[in-house]
>>> print(open('query-v9.cif').read())   # mmCIF, C-alpha atoms
data_data
loop_
_atom_site.label_atom_id
_atom_site.label_comp_id
_atom_site.auth_asym_id
_atom_site.auth_seq_id
_atom_site.Cartn_x
_atom_site.Cartn_y
_atom_site.Cartn_z
CA MET M 1 -12.54 -25.46 5.89
CA THR M 2 -13.87 -21.93 6.06
CA VAL M 3 -11.86 -18.85 5.12
CA LYS M 4 -12.61 -15.13 5.17
CA VAL M 5 -12.21 -13.53 1.74
CA LEU M 6 -11.69 -9.78 1.25
CA TYR M 7 -11.88 -7.72 -1.96
CA PHE M 8 -10.47 -4.26 -2.48
CA ALA M 9 -10.64 -1.34 -4.92
CA SER M 10 -12.00 -2.17 -8.41
CA LEU M 11 -12.85 -5.75 -7.34
CA ARG M 12 -14.85 -4.65 -4.30
CA GLU M 13 -16.66 -2.16 -6.50
CA ALA M 14 -17.42 -4.72 -9.24
CA PHE M 15 -18.67 -7.35 -6.79
CA GLY M 16 -20.54 -4.98 -4.49
CA VAL M 17 -19.07 -7.01 -1.65
CA ALA M 18 -16.08 -6.19 0.57
CA GLU M 19 -15.86 -9.52 2.39
CA GLU M 20 -17.47 -12.92 2.68
CA ALA M 21 -16.95 -16.22 4.47
CA LEU M 22 -16.47 -19.16 2.12
CA VAL M 23 -16.52 -22.88 2.84
CA LEU M 24 -13.85 -24.37 0.60
CA PRO M 25 -14.58 -27.63 -1.19
CA PRO M 26 -12.04 -30.41 -0.74
CA GLY M 27 -9.04 -29.82 -2.99
CA VAL M 28 -9.10 -26.03 -2.71
CA THR M 29 -6.03 -25.40 -0.55
CA THR M 30 -4.31 -22.33 -2.06
CA PRO M 31 -5.19 -18.77 -3.12
CA ALA M 32 -4.98 -19.97 -6.75
CA GLY M 33 -7.55 -22.68 -6.07
CA LEU M 34 -9.72 -20.23 -4.16
CA ARG M 35 -9.56 -17.73 -7.04
CA ASP M 36 -10.64 -20.41 -9.54
CA HIS M 37 -13.43 -21.50 -7.20
CA ILE M 38 -14.75 -17.92 -7.04
CA VAL M 39 -14.36 -17.36 -10.81
CA ALA M 40 -16.48 -20.47 -11.43
CA ARG M 41 -19.49 -18.68 -9.89
CA GLY M 42 -19.71 -16.65 -13.12
CA GLU M 43 -20.20 -12.89 -13.46
CA PRO M 44 -19.33 -10.59 -11.87
CA TRP M 45 -16.96 -12.92 -10.02
CA ALA M 46 -15.21 -14.02 -13.23
CA GLN M 47 -13.52 -10.62 -13.22
CA LEU M 48 -11.18 -12.06 -10.59
CA GLY M 49 -9.72 -14.27 -13.31
CA ARG M 50 -9.34 -11.37 -15.76
CA THR M 51 -7.66 -8.86 -13.42
CA LYS M 52 -4.20 -8.06 -14.73
CA ASN M 53 -1.44 -8.74 -12.19
CA LEU M 54 -3.93 -9.80 -9.52
CA ARG M 55 -2.33 -9.82 -6.07
CA CYS M 56 -3.25 -11.71 -2.93
CA ALA M 57 -2.48 -11.54 0.77
CA VAL M 58 -2.93 -14.23 3.40
CA ASN M 59 -3.45 -13.11 6.99
CA GLN M 60 -2.52 -9.53 6.08
CA ALA M 61 0.83 -10.30 4.42
CA MET M 62 1.55 -10.40 0.68
CA ALA M 63 1.47 -14.05 -0.42
CA GLY M 64 2.03 -16.20 -3.48
CA PHE M 65 -0.90 -17.91 -5.16
CA ASP M 66 0.59 -21.26 -4.16
CA ALA M 67 0.56 -20.50 -0.41
CA ALA M 68 -1.04 -23.15 1.82
CA LEU M 69 -4.36 -22.05 3.31
CA GLY M 70 -5.62 -23.11 6.73
CA PRO M 71 -8.97 -22.92 8.52
CA GLY M 72 -9.90 -19.37 9.49
CA ASP M 73 -7.33 -17.73 7.26
CA GLU M 74 -8.00 -14.24 5.92
CA VAL M 75 -7.39 -14.15 2.16
CA ALA M 76 -7.49 -10.84 0.30
CA PHE M 77 -7.58 -10.32 -3.48
CA PHE M 78 -6.74 -6.95 -5.02
CA PRO M 79 -5.24 -5.20 -8.05
CA PRO M 80 -1.66 -3.88 -7.87
CA VAL M 81 -1.35 -1.18 -5.21
CA THR M 82 -1.24 2.52 -6.14
CA GLY M 83 -0.51 4.43 -2.93
CA GLY M 84 2.08 7.07 -2.23
CA MET Z 1 4.30 5.18 16.61
CA PRO Z 2 6.58 5.73 13.61
CA VAL Z 3 3.70 4.90 11.24
CA SER Z 4 0.23 6.50 10.90
CA VAL Z 5 -2.66 5.90 8.50
CA GLN Z 6 -5.18 8.69 8.92
CA GLU Z 7 -7.79 10.88 7.24
CA ALA Z 8 -6.51 14.06 8.86
CA ASP Z 9 -3.87 16.35 7.38
CA PHE Z 10 -0.51 16.72 9.12
CA ASP Z 11 1.85 19.58 9.99
CA VAL Z 12 5.13 19.01 8.18
CA GLY Z 13 7.15 21.31 10.42
CA ALA Z 14 5.75 19.82 13.61
CA GLU Z 15 6.37 16.27 12.38
CA ILE Z 16 9.98 17.02 11.51
CA GLU Z 17 10.50 18.66 14.89
CA ALA Z 18 8.94 15.63 16.61
CA LEU Z 19 11.56 13.34 15.04
CA GLY Z 20 13.88 14.63 17.76
CA ALA Z 21 16.79 15.17 15.40
CA ARG Z 22 18.04 18.25 17.25
CA THR Z 23 18.35 16.43 20.58
CA ASP Z 24 19.74 13.05 19.52
CA ASN Z 25 22.87 14.23 17.74
CA ALA Z 26 21.53 13.75 14.22
CA GLY Z 27 23.35 15.57 11.46
CA ALA Z 28 20.67 15.31 8.80
CA VAL Z 29 16.94 15.13 8.20
CA ALA Z 30 15.52 14.19 4.80
CA SER Z 31 11.80 14.37 4.16
CA PHE Z 32 9.34 13.79 1.33
CA VAL Z 33 5.80 15.09 0.91
CA GLY Z 34 3.53 13.59 -1.76
CA LEU Z 35 0.66 15.74 -3.08
CA VAL Z 36 -2.51 15.19 -5.10
CA ARG Z 37 -1.58 16.44 -8.57
CA GLY Z 38 -3.93 18.93 -10.18
CA GLY Z 39 -5.05 18.98 -13.80
CA GLU Z 40 -7.99 16.80 -14.87
CA ILE Z 41 -8.51 15.46 -11.37
CA LEU Z 42 -11.33 16.91 -9.31
CA ALA Z 43 -10.58 14.75 -6.28
CA MET Z 44 -8.92 11.51 -5.30
CA THR Z 45 -10.15 8.85 -2.89
CA LEU Z 46 -7.66 6.56 -1.18
CA GLU Z 47 -8.79 3.12 -0.05
CA HIS Z 48 -6.62 0.82 2.07
CA TYR Z 49 -6.59 -2.54 3.84
CA PRO Z 50 -6.90 -1.73 7.56
CA GLY Z 51 -4.59 -3.94 9.59
CA MET Z 52 -2.35 -4.98 6.73
CA THR Z 53 -1.50 -1.39 5.80
CA GLU Z 54 0.00 -0.59 9.19
CA LYS Z 55 1.95 -3.88 9.21
CA ALA Z 56 3.31 -3.31 5.70
CA LEU Z 57 4.46 0.22 6.54
CA ALA Z 58 6.07 -0.95 9.80
CA GLU Z 59 7.94 -3.67 7.89
CA ILE Z 60 9.20 -1.12 5.37
CA VAL Z 61 10.56 0.99 8.24
CA VAL Z 62 12.27 -2.06 9.79
CA GLU Z 63 13.90 -2.86 6.45
CA ALA Z 64 15.12 0.74 6.05
CA ARG Z 65 16.64 0.64 9.53
CA ARG Z 66 18.38 -2.64 8.65
CA ARG Z 67 19.99 -1.07 5.58
CA TRP Z 68 21.03 2.34 6.90
CA GLN Z 69 22.10 3.95 10.17
CA LEU Z 70 18.96 5.85 11.08
CA LEU Z 71 17.94 7.75 14.20
CA GLY Z 72 14.30 8.74 13.69
CA VAL Z 73 11.75 7.59 11.09
CA ARG Z 74 8.20 8.86 10.55
CA VAL Z 75 5.68 7.74 7.90
CA ILE Z 76 2.17 9.20 7.53
CA HIS Z 77 -0.25 8.15 4.78
CA ARG Z 78 -3.66 9.75 4.42
CA VAL Z 79 -6.80 7.91 3.29
CA GLY Z 80 -10.25 9.07 2.24
CA ARG Z 81 -11.18 11.84 -0.17
CA LEU Z 82 -8.51 14.43 -1.04
CA SER Z 83 -8.46 17.44 -3.35
CA PRO Z 84 -5.67 18.59 -5.70
CA GLY Z 85 -2.86 20.22 -3.76
CA GLU Z 86 -3.58 18.28 -0.58
CA ARG Z 87 -0.83 16.28 1.10
CA ILE Z 88 -1.16 12.48 0.73
CA VAL Z 89 2.02 11.03 2.18
CA PHE Z 90 4.91 12.10 4.39
CA VAL Z 91 8.22 10.40 5.08
CA ALA Z 92 10.95 11.86 7.28
CA VAL Z 93 14.23 10.26 8.31
CA SER Z 94 17.00 11.53 10.57
CA SER Z 95 20.53 10.19 10.62
CA SER Z 96 24.10 11.19 11.42
CA HIS Z 97 24.95 11.83 7.78
CA ARG Z 98 22.90 12.99 4.83
CA HIS Z 99 23.53 9.98 2.58
CA ASP Z 100 21.69 7.60 4.92
CA ALA Z 101 18.79 10.03 5.31
CA PHE Z 102 18.39 10.68 1.57
CA ALA Z 103 18.69 7.01 0.62
CA ALA Z 104 16.35 5.72 3.33
CA CYS Z 105 13.71 8.34 2.50
CA GLU Z 106 13.70 7.36 -1.17
CA PHE Z 107 13.77 3.64 -0.34
CA ILE Z 108 10.75 3.95 1.97
CA MET Z 109 8.76 5.77 -0.74
CA ASP Z 110 9.71 3.26 -3.46
CA TYR Z 111 8.71 0.33 -1.22
CA LEU Z 112 5.53 1.98 -0.07
CA LYS Z 113 4.44 2.62 -3.68
CA THR Z 114 4.56 -1.07 -4.57
CA GLN Z 115 4.09 -2.97 -1.29
CA ALA Z 116 1.66 -1.07 0.93
CA PRO Z 117 -2.04 -1.85 0.25
CA PHE Z 118 -3.41 1.52 -0.84
CA TRP Z 119 -5.51 2.15 -3.96
CA LYS Z 120 -6.32 5.49 -5.58
CA ARG Z 121 -9.60 6.28 -7.30
CA GLU Z 122 -9.68 9.52 -9.29
CA ASP Z 123 -12.76 11.64 -9.88
CA THR Z 124 -12.48 13.51 -13.19
CA VAL Z 125 -14.95 15.53 -15.25
CA ALA Z 126 -15.40 12.34 -17.33
CA GLY Z 127 -16.23 10.20 -14.27
CA GLY Z 128 -14.40 8.05 -11.77
CA ARG Z 129 -11.55 5.63 -12.48
CA TRP Z 130 -9.18 3.45 -10.49
CA VAL Z 131 -5.56 4.44 -11.01
CA ASP Z 132 -3.43 1.80 -12.76
CA ALA Z 133 -0.15 0.71 -11.21
CA ARG Z 134 2.90 2.06 -13.04
CA GLU Z 135 5.71 -0.12 -14.31
CA SER Z 136 8.17 2.66 -13.43
CA ASP Z 137 7.28 2.09 -9.76
CA ASP Z 138 8.21 -1.59 -10.08
CA ALA Z 139 11.46 -0.58 -11.75
CA ALA Z 140 12.23 1.79 -8.86
CA LEU Z 141 11.73 -1.08 -6.42
CA ALA Z 142 13.88 -3.50 -8.46
CA ARG Z 143 16.77 -1.05 -8.21
CA TRP Z 144 16.88 -1.49 -4.42
CA ARG Z 145 16.52 -5.26 -4.63
CA GLY Z 146 19.41 -5.52 -7.06
CA GLY Z 147 21.70 -3.19 -5.18
CA ALA Z 148 21.49 -4.33 -1.58
#
>>> encode(input="query-v9.cif", output="structure tokens")
Amino acid sequence: MTVKVLYFASLREAFGVAEEALVLPPGVTTPAGLRDHIVARGEPWAQLGRTKNLRCAVNQAMAGFDAALGPGDEVAFFPPVTGG
Amino acid sequence: MPVSVQEADFDVGAEIEALGARTDNAGAVASFVGLVRGGEILAMTLEHYPGMTEKALAEIVVEARRRWQLLGVRVIHRVGRLSPGERIVFVAVSSSHRHDAFAACEFIMDYLKTQAPFWKREDTVAGGRWVDARESDDAALARWRGGA
């Protein structure tokens, strides 16, 4: 299945990419699996695995890394938020 | 709309007046204005997640209304590049009694700080840096989760 992946703040800056479409290999069904899949591409993507307290959202709502992903889902990775 | 994400500044007096507190029998209005702190910072740039940001703020308002008896609620968060002294965020709440207004205003800010997808990047004389999340903000949130 294909998902849309978004990166924000320090991750977006490090990758030089704000969003991409990714075709997930069989077995990648959660944000945790997706993160590991991206980290396996090497630098700079490995930073995703080193980000302290990495957060994720699925379809624009905060989600756990064990959430079930479906075709067309929008998955966002970002560091802890610092608004206000 | 009770929630706005915008680059433009806002008029605090006009926003409080627009809550309608004087015509809907409210007895209290509590408001909060967050500013860009001065000091080493030359400017601050706020990034957000368009789409999710508005949903997260709307959910925070719904949760505040569930917990307290509120009449009007207004939340404005600015994005883009801001200078020291500029307003970043505004929350105003009207209610029949001051306790609900004070509590809901603080609750909305504590939730916003940890749940709404905004990120601050500071420009200093030494260069730019992304602001780290503060554990004290998580502690402020935990207080509401434990108490209600």
>>> resolve_selection(input="query-v9.cif", expression="the PyMOL selection byres ((chain M) within 10 of (chain Z))", output="PyMOL selection string")
chain M and resi 6-10+53+57-62+76+78-84
>>> resolve_selection(input="query-v9.cif", expression="the PyMOL selection byres ((chain Z and resi 62-65) around 12)", output="PyMOL selection string")
chain Z and resi 2-3+55-61+66-75+91-95+100-112+144-145+148
>>> residues_around(input="query-v9.cif", residues="region 14-21 of chain M", least_positions_apart="5", cutoff="10 Å", atoms="only C-alpha atoms", output="VMD selection string")
chain M and resid 2 to 9 43 to 48 72 74 to 76
>>> axis_aligned_box(input="query-v9.cif", around="region 114-123 of chain Z", padding_each_side="5 Å", output="lines of an AutoDock Vina configuration file")
center_x = -4.1
center_y = 4.3
center_z = -4.5
size_x = 27.3
size_y = 24.6
size_z = 20.8
>>> closest_residue(input="query-v9.cif", among="Z:Gln6, Z:Ser136, Z:Thr124, Z:Ser31", to="Met44 (chain Z)", atoms="only C-alpha atoms")
Z:Thr124
>>> closest_residue(input="query-v9.cif", among="Z:Arg81, Z:His97, Z:Arg37, Z:Arg87", to="Asp11 (chain Z)", atoms="all atoms listed in the file")
Z:Arg87
>>> atom_distance(input="query-v9.cif", atom1="CA of Val125 (chain Z)", atom2="CA of Ala43 (chain Z)")
10.0 Å
>>> resolve_selection(input="query-v9.cif", expression="the PyMOL selection byres ((chain M and resi 66) around 12)", output="list in words")
Val28, Thr29, Thr30, Pro31, Ala32, Gly33, Leu34, Arg35, Arg55, Cys56, Ala57, Val58, Met62, Ala63, Gly64, Phe65, Ala67, Ala68 and Leu69 of chain M
>>> atom_distance(input="query-v9.cif", atom1="CA of Lys52 (chain M)", atom2="CA of Asp36 (chain M)")
14.9 Å
>>> atom_distance(input="query-v9.cif", atom1="CA of Pro26 (chain M)", atom2="CA of Leu11 (chain M)")
25.5 Å
>>> decode(input="query-v9.cif", residues="region 17-44 of chain M", atoms="C-alpha atoms", output="CSV table (one decimal), in the first residue's frame")
chain,number,residue,atom,x,y,z
M,17,VAL,CA,11.8,17.2,2.3
M,18,ALA,CA,8.4,18.1,3.7
M,19,GLU,CA,6.5,15.2,2.3
M,20,GLU,CA,6.8,12.1,0.1
M,21,ALA,CA,4.6,9.2,-1.1
M,22,LEU,CA,6.0,5.8,0.0
M,23,VAL,CA,5.0,2.3,-1.2
M,24,LEU,CA,5.2,0.1,1.9
M,25,PRO,CA,6.7,-3.3,1.6
M,26,PRO,CA,4.7,-6.2,2.9
M,27,GLY,CA,4.9,-6.4,6.7
M,28,VAL,CA,5.1,-2.6,7.3
M,29,THR,CA,1.7,-1.9,8.8
M,30,THR,CA,2.3,0.6,11.6
M,31,PRO,CA,4.1,3.9,12.2
M,32,ALA,CA,6.8,2.0,14.0
M,33,GLY,CA,7.4,-0.2,11.0
M,34,LEU,CA,7.3,2.8,8.7
M,35,ARG,CA,9.9,4.6,10.8
M,36,ASP,CA,12.2,1.6,10.7
M,37,HIS,CA,11.7,1.3,7.0
M,38,ILE,CA,12.7,5.0,6.5
M,39,VAL,CA,15.7,4.8,8.9
M,40,ALA,CA,17.0,1.8,6.9
M,41,ARG,CA,17.6,4.2,4.0
M,42,GLY,CA,20.6,5.6,5.9
M,43,GLU,CA,21.6,9.2,6.4
M,44,PRO,CA,20.0,11.7,6.7
